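Next comes coords.cif, with mmCIF, C-alpha atoms and all ligand atoms.
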data_my_file
#
loop_
_atom_site.group_PDB
_atom_site.id
_atom_site.type_symbol
_atom_site.label_atom_id
_atom_site.label_comp_id
_atom_site.auth_asym_id
_atom_site.auth_seq_id
_atom_site.Cartn_x
_atom_site.Cartn_y
_atom_site.Cartn_z
ATOM 1 C CA MET A 273 70.649 114.765 111.610
ATOM 2 C CA SER A 274 72.627 115.105 114.821
ATOM 3 C CA ALA A 275 73.959 112.127 116.707
ATOM 4 C CA ALA A 276 72.715 113.037 120.189
ATOM 5 C CA LYS A 277 72.619 109.475 121.479
ATOM 6 C CA ILE A 278 74.901 107.936 118.926
ATOM 7 C CA THR A 279 78.259 109.494 119.681
ATOM 8 C CA ASN A 280 81.696 108.514 118.334
ATOM 9 C CA GLU A 281 82.242 106.636 121.581
ATOM 10 C CA VAL A 282 79.014 104.641 121.231
ATOM 11 C CA VAL A 283 79.951 103.575 117.685
ATOM 12 C CA TYR A 284 83.500 102.777 118.773
ATOM 13 C CA ASN A 285 82.352 100.606 121.665
ATOM 14 C CA LEU A 286 79.822 98.665 119.586
ATOM 15 C CA ALA A 287 82.228 98.205 116.672
ATOM 16 C CA THR A 288 85.119 96.987 118.813
ATOM 17 C CA GLU A 289 82.756 94.602 120.620
ATOM 18 C CA LEU A 290 81.940 93.110 117.202
ATOM 19 C CA GLY A 291 85.622 92.570 116.435
ATOM 20 C CA PHE A 292 86.606 95.743 114.565
ATOM 21 C CA ASP A 293 89.977 97.077 115.651
ATOM 22 C CA LEU A 294 89.914 100.492 114.048
ATOM 23 C CA VAL A 295 87.081 102.988 113.923
ATOM 24 C CA GLY A 296 87.264 106.421 112.309
ATOM 25 C CA PHE A 297 84.871 109.111 111.157
ATOM 26 C CA ALA A 298 85.019 111.275 108.047
ATOM 27 C CA LYS A 299 82.716 113.986 106.737
ATOM 28 C CA ALA A 300 80.831 112.801 103.646
ATOM 29 C CA GLU A 301 82.307 115.252 101.173
ATOM 30 C CA LEU A 302 83.064 115.032 97.462
ATOM 31 C CA LEU A 303 86.185 113.033 96.613
ATOM 32 C CA THR A 304 87.120 115.391 93.784
ATOM 33 C CA ASN A 305 90.912 114.949 93.888
ATOM 34 C CA GLU A 306 90.744 111.223 94.570
ATOM 35 C CA ILE A 307 88.449 110.639 91.599
ATOM 36 C CA GLN A 308 90.796 112.641 89.416
ATOM 37 C CA ARG A 309 93.659 110.345 90.472
ATOM 38 C CA LEU A 310 91.493 107.274 89.879
ATOM 39 C CA ARG A 311 90.632 108.540 86.379
ATOM 40 C CA GLU A 312 94.313 109.039 85.591
ATOM 41 C CA TRP A 313 95.053 105.490 86.801
ATOM 42 C CA LEU A 314 92.222 104.122 84.666
ATOM 43 C CA ASN A 315 93.332 106.165 81.645
ATOM 44 C CA GLN A 316 96.757 104.548 81.889
ATOM 45 C CA GLY A 317 95.044 101.153 81.726
ATOM 46 C CA PHE A 318 96.491 100.172 85.115
ATOM 47 C CA HIS A 319 93.246 98.377 86.012
ATOM 48 C CA ALA A 320 94.071 95.776 83.334
ATOM 49 C CA GLY A 321 91.017 93.571 82.704
ATOM 50 C CA MET A 322 89.038 94.883 85.694
ATOM 51 C CA SER A 323 86.608 96.937 83.625
ATOM 52 C CA TYR A 324 84.181 96.990 86.561
ATOM 53 C CA MET A 325 86.510 99.563 88.138
ATOM 54 C CA GLU A 326 85.409 102.069 85.493
ATOM 55 C CA ARG A 327 81.821 101.878 86.682
ATOM 56 C CA ASN A 328 79.988 104.147 89.133
ATOM 57 C CA LEU A 329 82.643 106.859 89.250
ATOM 58 C CA ASP A 330 79.892 109.354 90.065
ATOM 59 C CA LYS A 331 78.894 107.376 93.159
ATOM 60 C CA LYS A 332 82.520 106.829 94.113
ATOM 61 C CA GLU A 333 82.998 110.593 94.030
ATOM 62 C CA ASN A 334 79.776 111.481 95.790
ATOM 63 C CA VAL A 335 78.391 109.126 98.442
ATOM 64 C CA ALA A 336 75.185 111.202 98.506
ATOM 65 C CA LEU A 337 74.293 109.378 95.286
ATOM 66 C CA ILE A 338 74.254 106.193 97.386
ATOM 67 C CA LEU A 339 72.547 107.581 100.485
ATOM 68 C CA GLU A 340 70.665 110.775 99.757
ATOM 69 C CA ASP A 341 71.138 112.394 103.152
ATOM 70 C CA ALA A 342 74.709 111.159 103.648
ATOM 71 C CA ARG A 343 76.570 113.208 106.244
ATOM 72 C CA SER A 344 79.414 110.964 107.378
ATOM 73 C CA VAL A 345 81.374 107.862 106.596
ATOM 74 C CA ILE A 346 82.239 105.550 109.465
ATOM 75 C CA SER A 347 85.363 103.661 108.494
ATOM 76 C CA LEU A 348 86.111 100.352 110.162
ATOM 77 C CA GLY A 349 89.262 98.262 110.120
ATOM 78 C CA MET A 350 89.466 94.595 111.053
ATOM 79 C CA ASN A 351 92.884 93.059 111.646
ATOM 80 C CA TYR A 352 93.027 89.636 109.990
ATOM 81 C CA PHE A 353 96.658 88.796 110.745
ATOM 82 C CA ASN A 354 96.974 85.097 111.452
ATOM 83 C CA PRO A 355 100.598 84.706 112.583
ATOM 84 C CA ALA A 356 101.084 81.161 111.246
ATOM 85 C CA GLU A 357 104.170 80.701 109.095
ATOM 86 C CA VAL A 358 103.942 78.881 105.807
ATOM 87 C CA ARG A 359 106.770 76.636 104.688
ATOM 88 C CA LEU A 360 106.456 75.195 101.218
ATOM 89 C CA SER A 361 107.528 71.712 100.229
ATOM 90 C CA SER A 362 108.253 70.980 96.628
ATOM 91 C CA GLY A 363 105.106 70.883 94.519
ATOM 92 C CA GLU A 364 103.229 73.437 96.648
ATOM 93 C CA GLY A 365 102.208 77.057 96.150
ATOM 94 C CA LYS A 366 101.328 79.914 98.497
ATOM 95 C CA ILE A 367 97.980 81.568 99.067
ATOM 96 C CA SER A 368 97.724 85.232 100.023
ATOM 97 C CA ARG A 369 97.139 85.560 103.764
ATOM 98 C CA TYR A 370 93.731 87.210 103.448
ATOM 99 C CA ALA A 371 92.399 84.120 101.677
ATOM 100 C CA TRP A 372 93.527 81.438 104.123
ATOM 101 C CA GLY A 373 90.072 80.963 105.617
ATOM 102 C CA LYS A 374 86.454 81.909 105.121
ATOM 103 C CA ASP A 375 85.686 84.749 102.735
ATOM 104 C CA TYR A 376 86.015 88.000 104.693
ATOM 105 C CA HIS A 377 83.042 89.483 102.810
ATOM 106 C CA PHE A 378 80.767 87.045 104.676
ATOM 107 C CA ILE A 379 82.404 87.642 108.051
ATOM 108 C CA ILE A 380 82.511 91.414 107.853
ATOM 109 C CA LYS A 381 79.209 92.013 106.088
ATOM 110 C CA GLU A 382 77.434 90.241 108.915
ATOM 111 C CA LYS A 383 79.201 92.371 111.522
ATOM 112 C CA ILE A 384 78.435 95.604 109.653
ATOM 113 C CA GLU A 385 74.759 94.683 109.459
ATOM 114 C CA LEU A 386 74.743 93.939 113.180
ATOM 115 C CA LEU A 387 76.394 97.264 113.917
ATOM 116 C CA ILE A 388 73.848 99.187 111.822
ATOM 117 C CA GLU A 389 71.027 97.253 113.473
ATOM 118 C CA ARG A 390 72.314 98.102 116.966
ATOM 119 C CA LEU A 391 72.726 101.779 116.083
ATOM 120 C CA LYS A 392 69.192 101.871 114.691
ATOM 121 C CA PHE A 393 67.985 100.296 117.911
ATOM 122 C CA ILE A 394 69.585 103.152 119.874
ATOM 123 C CA ASP A 395 68.114 105.772 117.556
ATOM 124 C CA SER A 396 65.601 104.812 114.899
ATOM 125 C CA GLU A 397 66.558 107.934 112.884
ATOM 126 C CA PHE A 398 69.967 106.409 112.199
ATOM 127 C CA ASN A 399 70.362 105.232 108.647
ATOM 128 C CA GLY A 400 73.413 103.525 107.216
ATOM 129 C CA ILE A 401 74.590 101.517 104.212
ATOM 130 C CA GLY A 402 77.638 99.358 104.713
ATOM 131 C CA TYR A 403 80.191 98.115 102.207
ATOM 132 C CA VAL A 404 83.237 95.918 102.402
ATOM 133 C CA ASP A 405 85.476 95.800 99.356
ATOM 134 C CA ALA A 406 82.491 95.772 97.009
ATOM 135 C CA GLY A 407 80.092 98.361 95.680
ATOM 136 C CA PRO A 408 80.789 101.895 94.549
ATOM 137 C CA VAL A 409 82.854 102.991 97.560
ATOM 138 C CA MET A 410 86.544 103.877 97.714
ATOM 139 C CA ASP A 411 87.359 101.895 100.832
ATOM 140 C CA LYS A 412 90.980 102.837 101.363
ATOM 141 C CA VAL A 413 90.377 106.494 100.545
ATOM 142 C CA TRP A 414 87.682 106.744 103.215
ATOM 143 C CA GLY A 415 89.853 104.755 105.618
ATOM 144 C CA ALA A 416 92.644 107.288 105.142
ATOM 145 C CA LYS A 417 90.266 110.260 105.486
ATOM 146 C CA ALA A 418 88.878 108.782 108.699
ATOM 147 C CA GLY A 419 92.355 108.439 110.185
ATOM 148 C CA LEU A 420 92.668 104.633 110.037
ATOM 149 C CA GLY A 421 96.063 104.920 108.387
ATOM 150 C CA TRP A 422 97.936 106.307 105.411
ATOM 151 C CA ILE A 423 98.128 104.870 101.919
ATOM 152 C CA GLY A 424 101.641 103.481 101.602
ATOM 153 C CA LYS A 425 103.859 103.301 98.543
ATOM 154 C CA ASN A 426 102.539 99.756 97.995
ATOM 155 C CA SER A 427 99.032 101.306 97.834
ATOM 156 C CA ASN A 428 97.873 99.522 100.978
ATOM 157 C CA LEU A 429 96.320 101.347 103.900
ATOM 158 C CA ILE A 430 98.829 101.158 106.778
ATOM 159 C CA ASN A 431 98.095 101.737 110.441
ATOM 160 C CA ARG A 432 100.847 102.559 112.932
ATOM 161 C CA ASN A 433 99.641 99.950 115.419
ATOM 162 C CA PHE A 434 98.637 97.104 113.081
ATOM 163 C CA GLY A 435 100.525 97.505 109.821
ATOM 164 C CA SER A 436 98.425 96.706 106.750
ATOM 165 C CA TYR A 437 96.950 93.263 107.360
ATOM 166 C CA PHE A 438 93.470 94.594 107.973
ATOM 167 C CA PHE A 439 90.252 94.775 105.997
ATOM 168 C CA VAL A 440 88.472 98.084 105.530
ATOM 169 C CA ALA A 441 84.706 98.467 105.609
ATOM 170 C CA ASN A 442 82.680 101.663 105.444
ATOM 171 C CA ILE A 443 79.239 102.747 106.550
ATOM 172 C CA ILE A 444 77.706 105.762 104.846
ATOM 173 C CA THR A 445 75.334 107.374 107.291
ATOM 174 C CA ASN A 446 72.924 110.264 107.741
ATOM 175 C CA PHE A 447 74.351 111.135 111.184
ATOM 176 C CA ILE A 448 76.965 113.742 111.986
ATOM 177 C CA PHE A 449 79.999 112.898 114.131
ATOM 178 C CA GLN A 450 83.225 114.481 115.290
ATOM 179 C CA TYR A 451 85.658 113.866 112.476
ATOM 180 C CA ASP A 452 89.101 112.343 112.660
ATOM 181 C CA VAL A 453 92.225 113.835 111.218
ATOM 182 C CA PRO A 454 94.029 111.820 108.506
ATOM 183 C CA GLN A 455 97.313 110.267 109.629
ATOM 184 C CA PRO A 456 100.542 111.588 108.149
ATOM 185 C CA ASP A 457 102.388 109.406 105.624
ATOM 186 C CA PHE A 458 105.001 107.446 107.574
ATOM 187 C CA CYS A 459 106.655 105.710 104.597
ATOM 188 C CA GLY A 460 109.438 108.275 104.701
ATOM 189 C CA ALA A 461 112.445 107.330 102.542
ATOM 190 C CA CYS A 462 111.605 103.611 102.615
ATOM 191 C CA THR A 463 111.218 101.898 99.253
ATOM 192 C CA ALA A 464 111.257 98.268 100.462
ATOM 193 C CA CYS A 465 107.979 97.354 98.728
ATOM 194 C CA ILE A 466 108.994 98.905 95.406
ATOM 195 C CA ASP A 467 112.388 97.179 95.538
ATOM 196 C CA ALA A 468 110.955 93.781 96.532
ATOM 197 C CA CYS A 469 108.152 93.543 93.981
ATOM 198 C CA PRO A 470 109.340 90.795 91.654
ATOM 199 C CA THR A 471 107.430 92.106 88.635
ATOM 200 C CA GLN A 472 108.059 95.867 89.120
ATOM 201 C CA ALA A 473 104.327 96.393 89.422
ATOM 202 C CA ILE A 474 104.678 99.424 91.724
ATOM 203 C CA VAL A 475 105.475 101.815 88.921
ATOM 204 C CA SER A 476 105.740 104.831 91.228
ATOM 205 C CA PRO A 477 104.880 105.423 94.886
ATOM 206 C CA LYS A 478 101.230 104.446 95.520
ATOM 207 C CA ILE A 479 100.672 103.479 91.865
ATOM 208 C CA VAL A 480 100.331 99.781 91.068
ATOM 209 C CA ASP A 481 100.026 98.628 87.482
ATOM 210 C CA SER A 482 97.663 95.669 87.797
ATOM 211 C CA ASN A 483 98.856 94.308 84.444
ATOM 212 C CA LYS A 484 102.101 93.415 86.247
ATOM 213 C CA CYS A 485 100.779 92.573 89.705
ATOM 214 C CA ILE A 486 100.802 88.899 90.712
ATOM 215 C CA SER A 487 97.607 89.449 92.698
ATOM 216 C CA TYR A 488 95.831 90.508 89.529
ATOM 217 C CA LEU A 489 97.535 87.942 87.306
ATOM 218 C CA THR A 490 96.530 85.050 89.578
ATOM 219 C CA ILE A 491 93.032 86.177 90.654
ATOM 220 C CA GLU A 492 91.121 88.657 88.494
ATOM 221 C CA ASN A 493 92.939 87.928 85.231
ATOM 222 C CA LYS A 494 90.803 85.844 82.895
ATOM 223 C CA GLY A 495 93.492 85.112 80.304
ATOM 224 C CA GLU A 496 96.884 83.480 80.300
ATOM 225 C CA ILE A 497 99.728 84.823 82.418
ATOM 226 C CA PRO A 498 101.931 86.596 79.856
ATOM 227 C CA ARG A 499 105.333 85.081 79.031
ATOM 228 C CA GLU A 500 107.110 88.220 80.210
ATOM 229 C CA PHE A 501 106.543 86.976 83.774
ATOM 230 C CA ASP A 502 108.257 83.640 83.215
ATOM 231 C CA GLY A 503 110.750 83.113 86.026
ATOM 232 C CA LYS A 504 109.751 86.340 87.826
ATOM 233 C CA TYR A 505 107.975 84.541 90.646
ATOM 234 C CA SER A 506 107.871 80.938 91.727
ATOM 235 C CA GLU A 507 105.666 80.504 94.790
ATOM 236 C CA TRP A 508 102.349 82.298 94.470
ATOM 237 C CA ILE A 509 99.352 80.270 93.415
ATOM 238 C CA PHE A 510 96.690 82.785 94.533
ATOM 239 C CA GLY A 511 97.534 86.440 95.222
ATOM 240 C CA CYS A 512 100.809 87.856 96.485
ATOM 241 C CA ASP A 513 101.855 89.340 99.844
ATOM 242 C CA ILE A 514 105.441 90.308 99.096
ATOM 243 C CA CYS A 515 104.963 94.086 99.259
ATOM 244 C CA GLN A 516 103.213 93.676 102.604
ATOM 245 C CA GLU A 517 105.680 91.130 104.000
ATOM 246 C CA VAL A 518 108.655 93.435 103.466
ATOM 247 C CA CYS A 519 106.932 96.500 104.904
ATOM 248 C CA PRO A 520 108.636 97.489 108.174
ATOM 249 C CA TRP A 521 105.267 98.459 109.631
ATOM 250 C CA ASN A 522 104.098 94.876 109.225
ATOM 251 C CA LYS A 523 107.369 93.363 110.395
ATOM 252 C CA LYS A 524 107.192 95.389 113.596
ATOM 253 C CA PHE A 525 103.522 95.831 114.317
ATOM 254 C CA SER A 526 101.494 92.955 112.868
ATOM 255 C CA THR A 527 99.466 91.716 115.793
ATOM 256 C CA PRO A 528 97.521 88.447 115.877
ATOM 257 C CA THR A 529 93.881 89.017 115.045
ATOM 258 C CA ARG A 530 91.325 88.673 117.819
ATOM 259 C CA VAL A 531 88.655 87.515 115.366
ATOM 260 C CA GLU A 532 88.213 83.766 115.854
ATOM 261 C CA GLU A 533 87.067 83.173 112.268
ATOM 262 C CA PHE A 534 90.482 84.123 110.880
ATOM 263 C CA TYR A 535 92.190 81.285 112.770
ATOM 264 C CA ASP A 536 90.161 78.727 110.879
ATOM 265 C CA ALA A 537 92.565 78.814 107.928
ATOM 266 C CA PRO A 538 92.617 75.572 105.976
ATOM 267 C CA ASN A 539 94.046 77.022 102.745
ATOM 268 C CA LYS A 540 97.464 78.437 103.572
ATOM 269 C CA LYS A 541 99.058 76.587 100.673
ATOM 270 C CA LEU A 542 97.947 74.166 97.966
ATOM 271 C CA LYS A 543 99.524 71.173 96.360
ATOM 272 C CA PHE A 544 99.985 71.505 92.608
ATOM 273 C CA LYS A 545 98.926 67.901 92.016
ATOM 274 C CA GLU A 546 95.752 68.360 94.004
ATOM 275 C CA VAL A 547 94.774 71.459 92.009
ATOM 276 C CA LEU A 548 95.551 69.915 88.641
ATOM 277 C CA SER A 549 93.428 66.851 89.342
ATOM 278 C CA MET A 550 90.560 68.781 90.973
ATOM 279 C CA THR A 551 87.092 68.569 89.430
ATOM 280 C CA ASN A 552 84.679 71.486 89.300
ATOM 281 C CA GLY A 553 82.511 69.745 91.872
ATOM 282 C CA ALA A 554 85.429 69.308 94.280
ATOM 283 C CA PHE A 555 86.499 72.936 93.718
ATOM 284 C CA LYS A 556 83.017 74.218 94.539
ATOM 285 C CA LYS A 557 82.771 72.054 97.618
ATOM 286 C CA ARG A 558 86.135 73.088 98.952
ATOM 287 C CA PHE A 559 86.158 76.807 98.074
ATOM 288 C CA SER A 560 82.502 77.893 97.988
ATOM 289 C CA SER A 561 82.979 80.024 101.098
ATOM 290 C CA SER A 562 86.637 80.914 100.435
ATOM 291 C CA PRO A 563 87.962 83.962 98.529
ATOM 292 C CA ILE A 564 89.794 81.433 96.327
ATOM 293 C CA LYS A 565 86.566 80.780 94.419
ATOM 294 C CA ARG A 566 87.152 84.138 92.724
ATOM 295 C CA ALA A 567 89.936 82.662 90.559
ATOM 296 C CA LYS A 568 87.716 79.746 89.483
ATOM 297 C CA LEU A 569 89.215 76.303 88.978
ATOM 298 C CA LYS A 570 90.379 77.262 85.494
ATOM 299 C CA GLY A 571 92.371 80.179 86.902
ATOM 300 C CA LEU A 572 93.867 78.130 89.719
ATOM 301 C CA LYS A 573 95.003 75.450 87.270
ATOM 302 C CA ARG A 574 96.475 78.125 84.990
ATOM 303 C CA ASN A 575 98.404 79.502 87.986
ATOM 304 C CA VAL A 576 99.854 76.082 88.779
ATOM 305 C CA LEU A 577 100.774 75.417 85.158
ATOM 306 C CA PHE A 578 102.572 78.772 85.069
ATOM 307 C CA LEU A 579 104.638 77.818 88.120
ATOM 308 C CA ILE A 580 105.638 74.393 86.885
ATOM 309 C CA LYS A 581 106.425 75.131 83.245
HETATM 310 S S1 LIG B 1 101.157 92.220 95.384
HETATM 311 FE FE1 LIG B 1 103.124 91.344 94.692
HETATM 312 S S2 LIG B 1 103.211 91.729 92.506
HETATM 313 FE FE2 LIG B 1 101.599 93.061 93.336
HETATM 314 S S3 LIG B 1 102.623 94.979 93.786
HETATM 315 FE FE3 LIG B 1 102.758 93.772 95.651
HETATM 316 S S4 LIG B 1 104.720 92.660 95.508
HETATM 317 FE FE4 LIG B 1 104.212 93.442 93.477
HETATM 318 S S1 LIG B 2 107.511 99.012 102.512
HETATM 319 FE FE1 LIG B 2 108.195 101.080 103.052
HETATM 320 S S2 LIG B 2 107.559 102.348 101.326
HETATM 321 FE FE2 LIG B 2 106.442 100.415 101.156
HETATM 322 S S3 LIG B 2 104.508 100.820 102.157
HETATM 323 FE FE3 LIG B 2 105.870 99.955 103.699
HETATM 324 S S4 LIG B 2 106.838 101.747 104.699
HETATM 325 FE FE4 LIG B 2 105.907 102.451 102.796
#
Spit out the file's structure as structure tokens when you get a sec.
Ligand code: SF4
Ligand code: SF4
Amino acid sequence: MSAAKITNEVVYNLATELGFDLVGFAKAELLTNEIQRLREWLNQGFHAGMSYMERNLDKKENVALILEDARSVISLGMNYFNPAEVRLSSGEGKISRYAWGKDYHFIIKEKIELLIERLKFIDSEFNGIGYVDAGPVMDKVWGAKAGLGWIGKNSNLINRNFGSYFFVANIITNFIFQYDVPQPDFCGACTACIDACPTQAIVSPKIVDSNKCISYLTIENKGEIPREFDGKYSEWIFGCDICQEVCPWNKKFSTPTRVEEFYDAPNKKLKFKEVLSMTNGAFKKRFSSSPIKRAKLKGLKRNVLFLIK
């Protein structure tokens, strides 16, 4: 299917109007090498308890198993950088920046659906399925293929103009576009993220062992935080931003987001006491539309107990 009326420019204009900052286009081809690397990472057990990452490898490799007549992937980046600074008082813990406000899945999913709807309105032959950080799609891989940035040594997608504080969403579509060229890797000789990681979770450039990553330990992890991490970190109650905070591309180029929703950020830090005395009902009420719900109250309490022991 050719995109006679729906050109790259049309998609770009509609997407940026909706709040996306980055738009790129990649040919929907097999991700043979990327799947091989993912398999090696899984075989090493670096996904820790996230067994869901082992699922749908066939779809991850071949987007045509998701959309039969897939021709392209439109990759979209949305800068979420809220420039507020967080200073902790005693008895408080930090929340990863992406989780300060409303769950980005809600915000972005709605915008993707609107974008698909508008493209269908222009040409009813357009078909697209959108994903944001869920489903059988390798978000960062497609983002890199579509020229949104390069995958840094901290395994985040980094853009020269925004750094890495942006979400990646992808639309698999039956239309053909002009394709972008992947960006070169601009990490160079820098190793700031590897050096700064307090748990040595970046075991080699671009390879993170989730078993050691504070983000995993405080969010997806269902068990206790192992004793080997005692004293390794003292501030993070949900997630960890250290390897992004030290990245020179973020220090220099993080730009305040233009998406209003990301300024409504009531959960930049949490008081230990408040978490420990929270009931399930209060947790649900407060975090039902926040990414923090992912850790569940049990996990959040575990995280606090780890910090204060
Ligand atoms: S998120 Fe934190 S713990 Fe995980 S790799 Fe980055 S610095 Fe290390
Ligand atoms: S801190 Fe340095 S090595 Fe790590 S991702 Fe950023 S530029 Fe690359």
Worksheet item: Residues at most 12 Å from A:Leu360, counting all atoms listed in the file, excluding those fewer than 4 positions away in the same chain, as JSON, numbers by chain?
Response: {"A": [364, 365, 366, 367, 506, 507, 508, 509, 540, 541, 542, 543, 544]}
Item to complete: Name the closest residue to A:Met325 among the candidates A:Val409, A:Leu302, A:Leu391, A:Val440; distances are taken between atoms, counting only C-alpha atoms.
Response: A:Val409
Worksheet item: If the PyMOL selection byres (((not hetatm)) within 6 of (chain B and resi 1)) is run on the structure shown, which residues does it catch, given as an NGL selection string?
Response: :A and (469 or 471 or 473-474 or 480 or 485-487 or 512-515)
Discussion item. Could you list, as a ChimeraX atom specification, every residue within 12 Å of A:Gln308, counting all atoms listed in the file and ignoring same-chain residues fewer than 4 positions away?
Written reply: /A:302-304,312-315,329-330,332-333
Worksheet item: Smallest atom-to-atom distance to ligand LIG 2 (chain B): which of A:Ile443, A:Cys462, A:Leu294, A:Ile380, using all atoms listed in the file?
Response: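 Ranking A:Ile443, A:Cys462, A:Leu294, A:Ile380 by distance to ligand LIG 2 (chain B), first place goes to A:Cys462.
Listed by chain and then by number, the residues chosen by the PyMOL selection byres (((chain A and resi 576) around 8) and not hetatm) in this file are Gly365, Ile509, Phe544, Val547, Leu548, Leu572, Lys573, Arg574, Asn575, Leu577, Phe578, Leu579 and Ile580 of chain A.
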Discussion item. Here's a test: counting all atoms listed in the file, identify every protein, DNA and RNA residue with an atom at most 12 Å from (95.8, 104.0, 109.0) in the file's coordinate frame, and state them as a PyMOL selection string.
Written reply: chain A and resi 293-296+347-351+411-424+427-440+452-459+521
Worksheet, complete the sentence: From the list A:Phe378, A:Phe559, A:Phe525, A:Tyr352, the nearest residue to ligand LIG 2 (chain B) using all atoms listed in the file is A:Phe525
(82.4, 86.7, 102.4) in this file's frame - what residues fall within 10 Å of it? Use all atoms listed in the file and give the answer as a PDB file with C-alpha atoms, in the frame of the given file.
ATOM      1  CA  LYS A 374      86.454  81.909 105.121  1.00  0.00           C
ATOM      2  CA  ASP A 375      85.686  84.749 102.735  1.00  0.00           C
ATOM      3  CA  TYR A 376      86.015  88.000 104.693  1.00  0.00           C
ATOM      4  CA  HIS A 377      83.042  89.483 102.810  1.00  0.00           C
ATOM      5  CA  PHE A 378      80.767  87.045 104.676  1.00  0.00           C
ATOM      6  CA  ILE A 379      82.404  87.642 108.051  1.00  0.00           C
ATOM      7  CA  ILE A 380      82.511  91.414 107.853  1.00  0.00           C
ATOM      8  CA  LYS A 381      79.209  92.013 106.088  1.00  0.00           C
ATOM      9  CA  GLU A 382      77.434  90.241 108.915  1.00  0.00           C
ATOM     10  CA  VAL A 404      83.237  95.918 102.402  1.00  0.00           C
ATOM     11  CA  SER A 560      82.502  77.893  97.988  1.00  0.00           C
ATOM     12  CA  SER A 561      82.979  80.024 101.098  1.00  0.00           C
ATOM     13  CA  SER A 562      86.637  80.914 100.435  1.00  0.00           C
ATOM     14  CA  PRO A 563      87.962  83.962  98.529  1.00  0.00           C
TER      15      PRO A 563
END
Grab me every residue within 6 Å of ligand LIG 2 (chain B), counting all atoms listed in the file, and send it over as a PDB file with C-alpha atoms, in the coordinates of the input.
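Contents of the output file part_31.pdb:
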ATOM      1  CA  GLY A 424     101.641 103.481 101.602  1.00  0.00           C
ATOM      2  CA  LYS A 425     103.859 103.301  98.543  1.00  0.00           C
ATOM      3  CA  ASN A 426     102.539  99.756  97.995  1.00  0.00           C
ATOM      4  CA  CYS A 459     106.655 105.710 104.597  1.00  0.00           C
ATOM      5  CA  CYS A 462     111.605 103.611 102.615  1.00  0.00           C
ATOM      6  CA  THR A 463     111.218 101.898  99.253  1.00  0.00           C
ATOM      7  CA  ALA A 464     111.257  98.268 100.462  1.00  0.00           C
ATOM      8  CA  CYS A 465     107.979  97.354  98.728  1.00  0.00           C
ATOM      9  CA  VAL A 518     108.655  93.435 103.466  1.00  0.00           C
ATOM     10  CA  CYS A 519     106.932  96.500 104.904  1.00  0.00           C
ATOM     11  CA  PRO A 520     108.636  97.489 108.174  1.00  0.00           C
TER      12      PRO A 520
END
Worksheet item: Expressed in Å to a single decimal, how great is the separation between atom CA of A:Met550 and atom CA of A:Leu569?
Response: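 Rounded to one decimal, the two atoms are 7.9 Å apart.
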